[in-house]
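Step one of this worksheet: look at the structure below.
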Amino acid sequence: MNLPININDLLTARTVEWERLEFKAGWNPEEAMHSLCAFANDFHNLGGGYIVLGIEDKDGRPVLPPKGLRVNQIDKIQKVLLM
């Protein structure tokens with residue numbers, strides 16, 4: 001599945017405001033769902049947002065290189081998100 005935006009654009013915030021973008025170093029369902037709900041509520045009418053898993057952040061900015069996720073986690077994560 002292709003993203004509607006380039007991942008490099010997300011990492012450099014060239015096309016997305018920082019308040020619409022969250023980085024998560026790993027997979028924590030509770031944190032991810034909290035962010036998803038916040039984007040869905042879209043209080044500022046920004047059109048949702050992006051959560052990038054596998055990338056740690058410091059003061060809201062990505063820490064590179066990415067930590068990444070294990071390949072065997074990806075299907076499980078997608079199933080949880082689609083429930």
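For the structure tokens, the naming scheme is as follows: chains receive sequential letters (A, B, ...) according to their order of presentation, residues are indexed from 1 within each chain, and ligands are indexed from 1 in presentation order.
Excluding Met33 in chain A itself and any same-chain residue fewer than 2 positions from it, the protein and nucleic acid residues within 12 Å of it, counting only C-alpha atoms, are Glu22, Lys24, Trp27, Asn28, Pro29, Glu30, Glu31, Ser35, Leu36, Cys37, Ala38, Phe39, Ala40, Ile51, Ile77, Val80, Leu81, Leu82 and Met83 of chain A.
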Got a sec to tell me which of range 41-83 of chain A DSSP assigns to strand (DSSP E or B), as JSON, numbers by chain? {"A": [50, 51, 52, 53, 57, 58, 61, 62]}
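Residues surrounding Thr12 in chain A within 10 Å are Ile7, Asn8, Val16, Trp18, Arg61 and Pro62 of chain A [only C-alpha atoms; sequence separation below 4 positions excluded].
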May I ask for the distance between CA of Ala13 in chain A and CA of Asn72 in chain A, given in Å to one decimal place? 28.5 Å
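Among the candidates A:Ala32, A:Leu21, A:Ile74, A:Leu11, the one nearest to Gly48 in chain A when counting only C-alpha atoms is A:Leu21.
Atom pair CA of Asn41 in chain A / CA of Lys76 in chain A has a distance of 25.1 Å (rounded to one decimal).
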DSSP on the backbone, then: every residue of chain A marked helix (DSSP H, G or I), written as a VMD selection string. chain A and resid 7 to 12 18 to 20 29 to 41 71 to 82
note - CA of Leu10 in chain A and CA of Tyr50 in chain A are separated by 8.2 Å
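Counting only C-alpha atoms, the residue from A:Gln78, A:Gly26, A:Gly49, A:His34 that sits nearest to Pro66 in chain A is A:Gly26.
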